Structure formats: structure tokens, C-alpha cells
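Peer 1: This is the structure I have questions about; it appears just below.
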Amino acid sequence: MAEPKTKYDRQLRIWGDQGQAALEKASICLLNCGPTGSETLKNLVLGGVGSITVIDGSKVELGDLGNNFMVDESSVGQSKAKCVCAFLQELNDAVKAKFIEEYPVTLIETNPSFFSQFTLVVATQLMEDSMVKLDRICREANVILIFARSYGLTGLVRISLKEHTVVESKPDHFLDDLRLNNPWPELKSFAESIDLDAQDPVALKHTPYVVLLIKMAEQWVKSHGGSLPSTREEKKEFKELLKARMVALDGDNYKEAIEASFKVFAPRGISPDLQQILNDSCAEVDSNSSDFWVMVAALKDFISNEGGGEAPLEGSIPDMTSTTELYVNLQNIYQAKAEADFLVIEQRVRNILKKIGKDPLSISKTTIKSFCRNARKLKVCRYRSIENEINSPILPELQKYLTDEDYSTAVGFYILLRAVDRFAANYNSFPGQFDGGMDEDISRLKTTAVGLLSDFGCNGSTLTEDLINEICRFGASELHAVSAFIGGIASQEVIKLITRQFVPMPGTFIFNGIDHKSQILSL
């Protein structure tokens with residue numbers, strides 16, 4: 001067997017040792033192992049989750065051979081859960097795999113406490129009634145739940161849990177934490193120690209752009225009543241001053257300074273998103289508070305006091321034109337400030353833990369350090385219960401989607417996926433599932449969809465005939481290509497949730513295979 005470091009080398013570069021350790025501790029339950037469920041679990045098994053439990057009471061039929069690569073002719077007539085489980089085990093022998101030959105709907109009805117043993121449940125191809133019941137069960141047990149469904153050329157993925165907090169959100173684009181607009185005393189002193197006018201041309205060309213911008217900003221503030229550039233004209237003028245020096249020297253460091261000048265114009269203090277987290281009622285901690293909210297409480301105190309309105313410094317600097325000596329000195333200044341901020345927050349965390357009756361050492365230094373490094377990028381995700389969304393979707397959002405040309409097909413599929421469940425409850429089959437009676441099914445589905453929209457308060461809203469016809473033409477089939485795509489999306493969200501890295505999807509993900517579009521609806 002390959003060593004884990006070698007085996008998972010590529011993914012370790014994305015979510016690191018901590019993320020992989022979280023995956024390897026995770027226990028995943030899959031409900032229904034048709035193509036959508038099997039494809040979801042395949043990705044997680046290859047990623048190295050700790051254990052999987054496959055729940056499915058059906059037998060493999062001939063039709064399954066056309067859309068599920070995890071069964072073959074020899075599987076026909078056998079337990080589908082057993083066959084899929086055996087195939088998945090072959091993919092990664094480090095994963096503990098077991099199956100239970102039972103219909104998920106029965107399990108939800110008769111043994112709700114069964115689900116509390118898992119880290120996360122992936123429920124595929126469930127109808128509305130079972131989704132609501134399972135969501136209640138998982139929320140009460142604080143188990144993460146993901147719904148995934150493929151239906152012809154469309155499909156959905158929906159996360160459900162009360163709250164999910166993310167420290168390592170890893171945004172694609174985020175401003176470096178250089179504090180050029182608010183340098184602390186040691187950084188100011190370092191910049192002041194370098195006299196640009198007294199340096200020879202070679203040394204000047206290798207002065208870090210951080211120093212150039214701090215000195216230029218200081219000059220600007222002195223001549224502009226203590227204010228940094230704020231208007232478009234002022235920002236342009238600031239850049240022109242930098243360009244004037246660059247023309248004489250043609251140094252790469254000045255080019256870098258011009259390109260990075262927007263960092264001087266950035267507003268001081270913390271972002272509105274972080275302020276919202278600090279203002280959250282959960283930041284008023286007690287003995288039931290999670291580690292995340294304890295650290296948020298410490299962060300709030302730090303920003304109000306030692307931080308002077310700023311979050312703790314991250315402590316890293318980007319690559320830039322500089323002599324090695326100046327770069328290392330600059331790096332040390334940033335790292336020293338980050339370490340000092342961390343020590344203050346660590347002490348605040350320990351004090352808060354003691355105050356609320358918890359072990360002051362229950363949160364590790366590593367955890368606090370990671371929190372400090374990512375303090376500006378914290379995210380809190382909260383999800384409406386499935387029952388609330390089904391009974392009372394957010395009406396203004398729904399009406400907006402219905403009238404928005406870009407979203408009308410996605411919300412149409414969303415409504416119709418709800419309508420087909422009502423249809424099945426009334427007529428004991430999905431529209432178009434059996435040969436014959438297509439025209440009648442189309443008419444019945446249209447009536448059901450109109451009734452659903454009316455229940456939501458969207459009287460007068462309609463869905464296109466083409467979309468209704470397509471849903472009936474799908475006949476509740478699970479196409480492998482769509483199932484693989486939906487499974488890929490679902491497994492990606494599972495990894496985000498378990499590793500607590502990256503930000504999971506905020507609403508219901510809808511795939512439109514007709515137009516090759518994916519959109520998220522917040523309802």
C-alpha cells in the first residue's frame with residue numbers, strides 16, 4: 001500500500017495535513033447508491049475518507065448496467081448496496097466500507113437515531129417528504145446533510161445544517177495584509193531609516209516597494225491635511241508622483257509600487273463582512289460556545305483594544321524587487337508583529353475560556369495561530385431548514401428568479417423538481433416514467449406546477465411548455481453523465497464541509513444540462 005503522503009500528494013497541496021486528517025476521521029453515510037450516489041462516494045473514497053456506509057434496499061437490475069459503472073452483469077439480482085460497496089472498497093483499501101441492505105425511507109421512518117453516528121450524510125434521489133424528515137433528524141443530531149439529485153438533464157445539490165464556520169476560506173483574490181495605509185511603529189521606523197535621496201541609483205532600484213509606498217504616503221499625508229488619497233484625481237496624482245521618480249530610474253521596484261498603490265488607498269480597519277461576524281450574537285460566549293466563537297470573542301476584544309481597529313497581522317509579504325538583506329529585514333518586521341498579535345489574542349482566548357468554565361488550554365496554539373492568520377477571511381454559513389424552504393421559500397427572491405431571463409430556466413427546473421414529487425405522491429409514478437399517457441402526464445404536471453406556484457404566492461406565474469415537456473420526457477431517469485457531474489459537485493462540497501476549508505455553496509445548486517449552465521438559488 002502506498003504511503004499516505006505519496007498517495008494523497010496532490011490533494012495535500014490543496015488542503016494540507018490538517019484537512020486530510022479531518023477527512024480520514026470522517027464517517028460518511030450514503031442513502032441510495034444509484035449513479036448519483038455512487039459517483040459522489042467514489043470521489044470521497046479516492047480522497048481517503050475514514051469510513052463509508054452504503055444504505056440501499058434495492059437489487060441490481062439490467063437497467064442499472066447502463067448508468068452505473070460500479071455494477072456489471074454478474075451483479076444483476078444481487079444487493080446493489082453490497083455490489084457498490086465492494087467496488088468502492090477496491091478503489092481504496094484504506095477506507096472502511098460497509099453496507100446495509102435497507103431502503104433509506106424505511107430507515108428514516110423507523111430508526112432516526114441511526115444517523116447520529118455519522119459526520120455527514122449524503123442523501124440522493126430522495127423525495128420531498130423524506131428530505132424534510134431526514135433534515136429534522138440530522139439538524140437535531142448536529143450531523144451535516146447534503147442532498148443530491150439528478151433527474152434527466154437536470155439536477156440539484158443542497159447543503160443543510162444549522163451553522164458552518166470557516167477559518168481557512170482561501171478566497172481566490174484577497175488584498176495582501178501589508179498595512180501600507182496604517183503602518184505600525186516598527187514598520188514606520190524601518191521605512192524612515194532608508195533615505196531615498198542619499199542612496200546611489202543601484203541601491204535605490206533595490207529598495208522594496210513597501211518602503212517606497214510608505215514614504216510616499218507619509219509625504220502625501222503631510223501635504224494633504226493628514227488624509228490619504230481618496231478621490232479618483234488624488235489617486236491619479238499619487239501614481240504620477242511615483243511615475244516621476246520611475247522615469248528617472250526606470251526601476252522595477254517603482255513599477256511594482258505603481259501597480260500596488262491601490263493598497264495605500266484601501267480603507268483602514270476591518271471589512272463589513274468581518275464586522276458582521278463580530279456583531280453576531282454568538283460572539284457573546286458562554287460554556288456552550290464553540291471554539292470558533294470563543295476565538296471570535298477574543299478577536300473582537302483585540303480589535304477594540306490592542307489592534308486599534310485592525311485585525312491581527314497575517315505576517316507574510318509577497319515577493320518583490322529588493323536586496324536580500326532588506327527583504328529579510330522587512331519579512332522579520334512583519335513576522336514579529338504577527339507573532340506579537342498572536343500572543344495577545346492567545347492570552348485573551350485563554351482568559352475567555354477560563355471565564356466561561358472551560359479548560360484554558362482546550363484550544364491549541366496551532367488552532368489560534370491559524371485563526372489569527374486568517375482572521376480577515378472568516379466565514380459563517382447558515383442554512384434554512386428544508387421544511388422552511390419547502391413551505392415558505394423567500395418570495396421576493398423566487399419572484400426575482402422567475403422574471404429574470406438568466407435564472408428563469410434554473411428556477412423552472414427547481415419548481416418542476418418539487419412538482420414531480422407532488423405528482424408522484426398523487427399518481428404513484430413520475431411524469432413520463434412509463435410508456436403511453438405522455439400528453440396526460442404533461443397536463444397533470446402543468447396543473448401541479450401551477451398549484452405549487454400558487455401555494456408560494458406567485459399567482460399568475462407560469463413555466464414554459466418546453467420545460468414541462470422536457471421534464472416529462474426525462475421520465476425520472478438518472479443519466480450517467482449528469483449523475484457524475486452532480487456527484488462531483490456534491491463530493492466537492494462534502495470535502496469543503498469536512499476539512500472546514502473553502503466556502504461551501506450558500507443555496508440550492510441547480511444544473512441545467514440543456515443549456516450547460518449551473519446556478520445557485522437562495523430560497
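So you can find residues: chains in the C-alpha cells are A, B, ... in the order shown, residues in each start at 1, and ligands are numbered from 1 in order.
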Could you pull the residues within 12 Å of stretch 453-458 of chain A, counting only C-alpha atoms, minus those fewer than 2 positions along the same chain, as a PyMOL selection string?
Peer 2: chain A and resi 388-403+411-412+414-416+418-419+446-451+460-463+523
Peer 1: From the DSSP assignment of the backbone, select every residue of stretch 158-242 of chain A that is helix (DSSP H, G or I), and format the answer as an mmCIF file with N, CA and C atoms, in the first residue's frame.
Peer 2:
data_model
loop_
_atom_site.group_PDB
_atom_site.id
_atom_site.type_symbol
_atom_site.label_atom_id
_atom_site.label_comp_id
_atom_site.auth_asym_id
_atom_site.auth_seq_id
_atom_site.Cartn_x
_atom_site.Cartn_y
_atom_site.Cartn_z
ATOM 1 N N PRO A 185 4.509 51.242 14.397
ATOM 2 C CA PRO A 185 5.755 51.980 14.660
ATOM 3 C C PRO A 185 7.025 51.329 14.102
ATOM 4 N N GLU A 186 7.186 50.009 14.254
ATOM 5 C CA GLU A 186 8.412 49.345 13.785
ATOM 6 C C GLU A 186 8.540 49.410 12.263
ATOM 7 N N LEU A 187 7.410 49.286 11.571
ATOM 8 C CA LEU A 187 7.443 49.359 10.103
ATOM 9 C C LEU A 187 7.746 50.789 9.658
ATOM 10 N N LYS A 188 7.159 51.744 10.365
ATOM 11 C CA LYS A 188 7.426 53.158 10.069
ATOM 12 C C LYS A 188 8.909 53.481 10.259
ATOM 13 N N SER A 189 9.472 53.013 11.375
ATOM 14 C CA SER A 189 10.890 53.268 11.674
ATOM 15 C C SER A 189 11.793 52.661 10.602
ATOM 16 N N PHE A 190 11.440 51.454 10.148
ATOM 17 C CA PHE A 190 12.230 50.793 9.111
ATOM 18 C C PHE A 190 12.229 51.627 7.824
ATOM 19 N N ALA A 191 11.041 52.128 7.449
ATOM 20 C CA ALA A 191 10.935 52.943 6.238
ATOM 21 C C ALA A 191 11.709 54.249 6.404
ATOM 22 N N GLU A 192 11.616 54.855 7.590
ATOM 23 C CA GLU A 192 12.306 56.127 7.845
ATOM 24 C C GLU A 192 13.820 55.969 7.851
ATOM 25 N N LEU A 196 15.931 57.780 0.699
ATOM 26 C CA LEU A 196 15.906 57.562 -0.755
ATOM 27 C C LEU A 196 16.800 58.560 -1.486
ATOM 28 N N ASP A 197 16.873 59.785 -0.969
ATOM 29 C CA ASP A 197 17.666 60.821 -1.654
ATOM 30 C C ASP A 197 19.170 60.589 -1.507
ATOM 31 N N ALA A 198 19.581 59.899 -0.450
ATOM 32 C CA ALA A 198 21.016 59.697 -0.198
ATOM 33 C C ALA A 198 21.541 58.398 -0.816
ATOM 34 N N PRO A 201 21.997 55.059 -7.229
ATOM 35 C CA PRO A 201 20.959 54.524 -8.124
ATOM 36 C C PRO A 201 20.743 53.009 -8.013
ATOM 37 N N VAL A 202 21.815 52.238 -7.849
ATOM 38 C CA VAL A 202 21.687 50.768 -7.781
ATOM 39 C C VAL A 202 20.919 50.377 -6.515
ATOM 40 N N ALA A 203 21.295 50.978 -5.369
ATOM 41 C CA ALA A 203 20.616 50.678 -4.105
ATOM 42 C C ALA A 203 19.157 51.117 -4.159
ATOM 43 N N LEU A 204 18.889 52.246 -4.801
ATOM 44 C CA LEU A 204 17.529 52.769 -4.895
ATOM 45 C C LEU A 204 16.625 51.842 -5.702
ATOM 46 N N LYS A 205 17.214 51.262 -6.761
ATOM 47 C CA LYS A 205 16.464 50.328 -7.606
ATOM 48 C C LYS A 205 16.093 49.042 -6.866
ATOM 49 N N TYR A 209 9.219 47.923 -2.662
ATOM 50 C CA TYR A 209 8.139 48.862 -2.962
ATOM 51 C C TYR A 209 7.327 49.211 -1.716
ATOM 52 N N VAL A 210 7.320 48.341 -0.722
ATOM 53 C CA VAL A 210 6.625 48.631 0.542
ATOM 54 C C VAL A 210 7.189 49.908 1.157
ATOM 55 N N VAL A 211 8.515 50.028 1.140
ATOM 56 C CA VAL A 211 9.182 51.213 1.695
ATOM 57 C C VAL A 211 8.837 52.442 0.863
ATOM 58 N N LEU A 212 8.905 52.297 -0.469
ATOM 59 C CA LEU A 212 8.598 53.429 -1.364
ATOM 60 C C LEU A 212 7.198 53.958 -1.107
ATOM 61 N N LEU A 213 6.226 53.045 -0.969
ATOM 62 C CA LEU A 213 4.842 53.472 -0.799
ATOM 63 C C LEU A 213 4.587 54.075 0.582
ATOM 64 N N ILE A 214 5.222 53.525 1.618
ATOM 65 C CA ILE A 214 5.033 54.082 2.965
ATOM 66 C C ILE A 214 5.590 55.504 3.021
ATOM 67 N N LYS A 215 6.759 55.696 2.419
ATOM 68 C CA LYS A 215 7.388 57.033 2.441
ATOM 69 C C LYS A 215 6.586 58.019 1.601
ATOM 70 N N MET A 216 6.122 57.571 0.446
ATOM 71 C CA MET A 216 5.326 58.443 -0.419
ATOM 72 C C MET A 216 3.998 58.799 0.251
ATOM 73 N N ALA A 217 3.385 57.815 0.903
ATOM 74 C CA ALA A 217 2.112 58.063 1.596
ATOM 75 C C ALA A 217 2.298 59.054 2.732
ATOM 76 N N GLU A 218 3.437 58.941 3.425
ATOM 77 C CA GLU A 218 3.725 59.852 4.537
ATOM 78 C C GLU A 218 3.875 61.295 4.032
ATOM 79 N N GLN A 219 4.591 61.427 2.917
ATOM 80 C CA GLN A 219 4.751 62.756 2.313
ATOM 81 C C GLN A 219 3.398 63.329 1.914
ATOM 82 N N TRP A 220 2.576 62.467 1.316
ATOM 83 C CA TRP A 220 1.261 62.904 0.849
ATOM 84 C C TRP A 220 0.411 63.391 2.029
ATOM 85 N N VAL A 221 0.387 62.605 3.103
ATOM 86 C CA VAL A 221 -0.423 62.934 4.274
ATOM 87 C C VAL A 221 -0.014 64.296 4.854
ATOM 88 N N LYS A 222 1.296 64.554 4.899
ATOM 89 C CA LYS A 222 1.801 65.831 5.440
ATOM 90 C C LYS A 222 1.320 67.021 4.629
ATOM 91 N N SER A 223 1.209 66.834 3.321
ATOM 92 C CA SER A 223 0.830 67.960 2.456
ATOM 93 C C SER A 223 -0.664 67.982 2.118
ATOM 94 N N ARG A 232 -10.676 60.043 -7.166
ATOM 95 C CA ARG A 232 -10.033 59.490 -8.369
ATOM 96 C C ARG A 232 -8.857 60.358 -8.804
ATOM 97 N N GLU A 233 -9.041 61.669 -8.708
ATOM 98 C CA GLU A 233 -7.986 62.605 -9.126
ATOM 99 C C GLU A 233 -6.764 62.490 -8.212
ATOM 100 N N GLU A 234 -7.036 62.372 -6.902
ATOM 101 C CA GLU A 234 -5.932 62.261 -5.938
ATOM 102 C C GLU A 234 -5.141 60.963 -6.149
ATOM 103 N N LYS A 235 -5.846 59.885 -6.398
ATOM 104 C CA LYS A 235 -5.168 58.600 -6.636
ATOM 105 C C LYS A 235 -4.302 58.672 -7.900
ATOM 106 N N LYS A 236 -4.850 59.349 -8.899
ATOM 107 C CA LYS A 236 -4.090 59.509 -10.153
ATOM 108 C C LYS A 236 -2.843 60.351 -9.899
ATOM 109 N N GLU A 237 -2.999 61.405 -9.118
ATOM 110 C CA GLU A 237 -1.871 62.291 -8.791
ATOM 111 C C GLU A 237 -0.797 61.538 -8.001
ATOM 112 N N PHE A 238 -1.229 60.689 -7.060
ATOM 113 C CA PHE A 238 -0.301 59.881 -6.261
ATOM 114 C C PHE A 238 0.541 58.980 -7.168
ATOM 115 N N LYS A 239 -0.123 58.365 -8.126
ATOM 116 C CA LYS A 239 0.586 57.483 -9.067
ATOM 117 C C LYS A 239 1.554 58.275 -9.944
ATOM 118 N N GLU A 240 1.147 59.482 -10.310
ATOM 119 C CA GLU A 240 2.014 60.322 -11.154
ATOM 120 C C GLU A 240 3.305 60.689 -10.415
ATOM 121 N N LEU A 241 3.187 60.914 -9.094
ATOM 122 C CA LEU A 241 4.376 61.219 -8.299
ATOM 123 C C LEU A 241 5.352 60.044 -8.302
ATOM 124 N N LEU A 242 4.800 58.841 -8.235
ATOM 125 C CA LEU A 242 5.636 57.637 -8.298
ATOM 126 C C LEU A 242 6.270 57.492 -9.681
#
Peer 1: Using atom CA of A:Leu278 and atom CA of A:Val296 as the two end points, give the distance in Å to one decimal.
Peer 2: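 So the two atoms, atom CA of A:Leu278 and atom CA of A:Val296, lie 6.6 Å apart.
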Peer 1: Write out as number ranges by chain which residues come within 12 Å of stretch 320-336 of chain A when counting only C-alpha atoms, dropping same-chain ones fewer than 2 positions away.
Peer 2: A: 176-180, 183-191, 193-194, 202-212, 251-257, 259-260, 312-318, 338-343, 373
Peer 1: Mind pulling up the distance from atom CA of A:Val49 to atom CA of A:Glu493?
Peer 2: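 Atom CA of A:Glu493 sits 13.7 Å away from atom CA of A:Val49.
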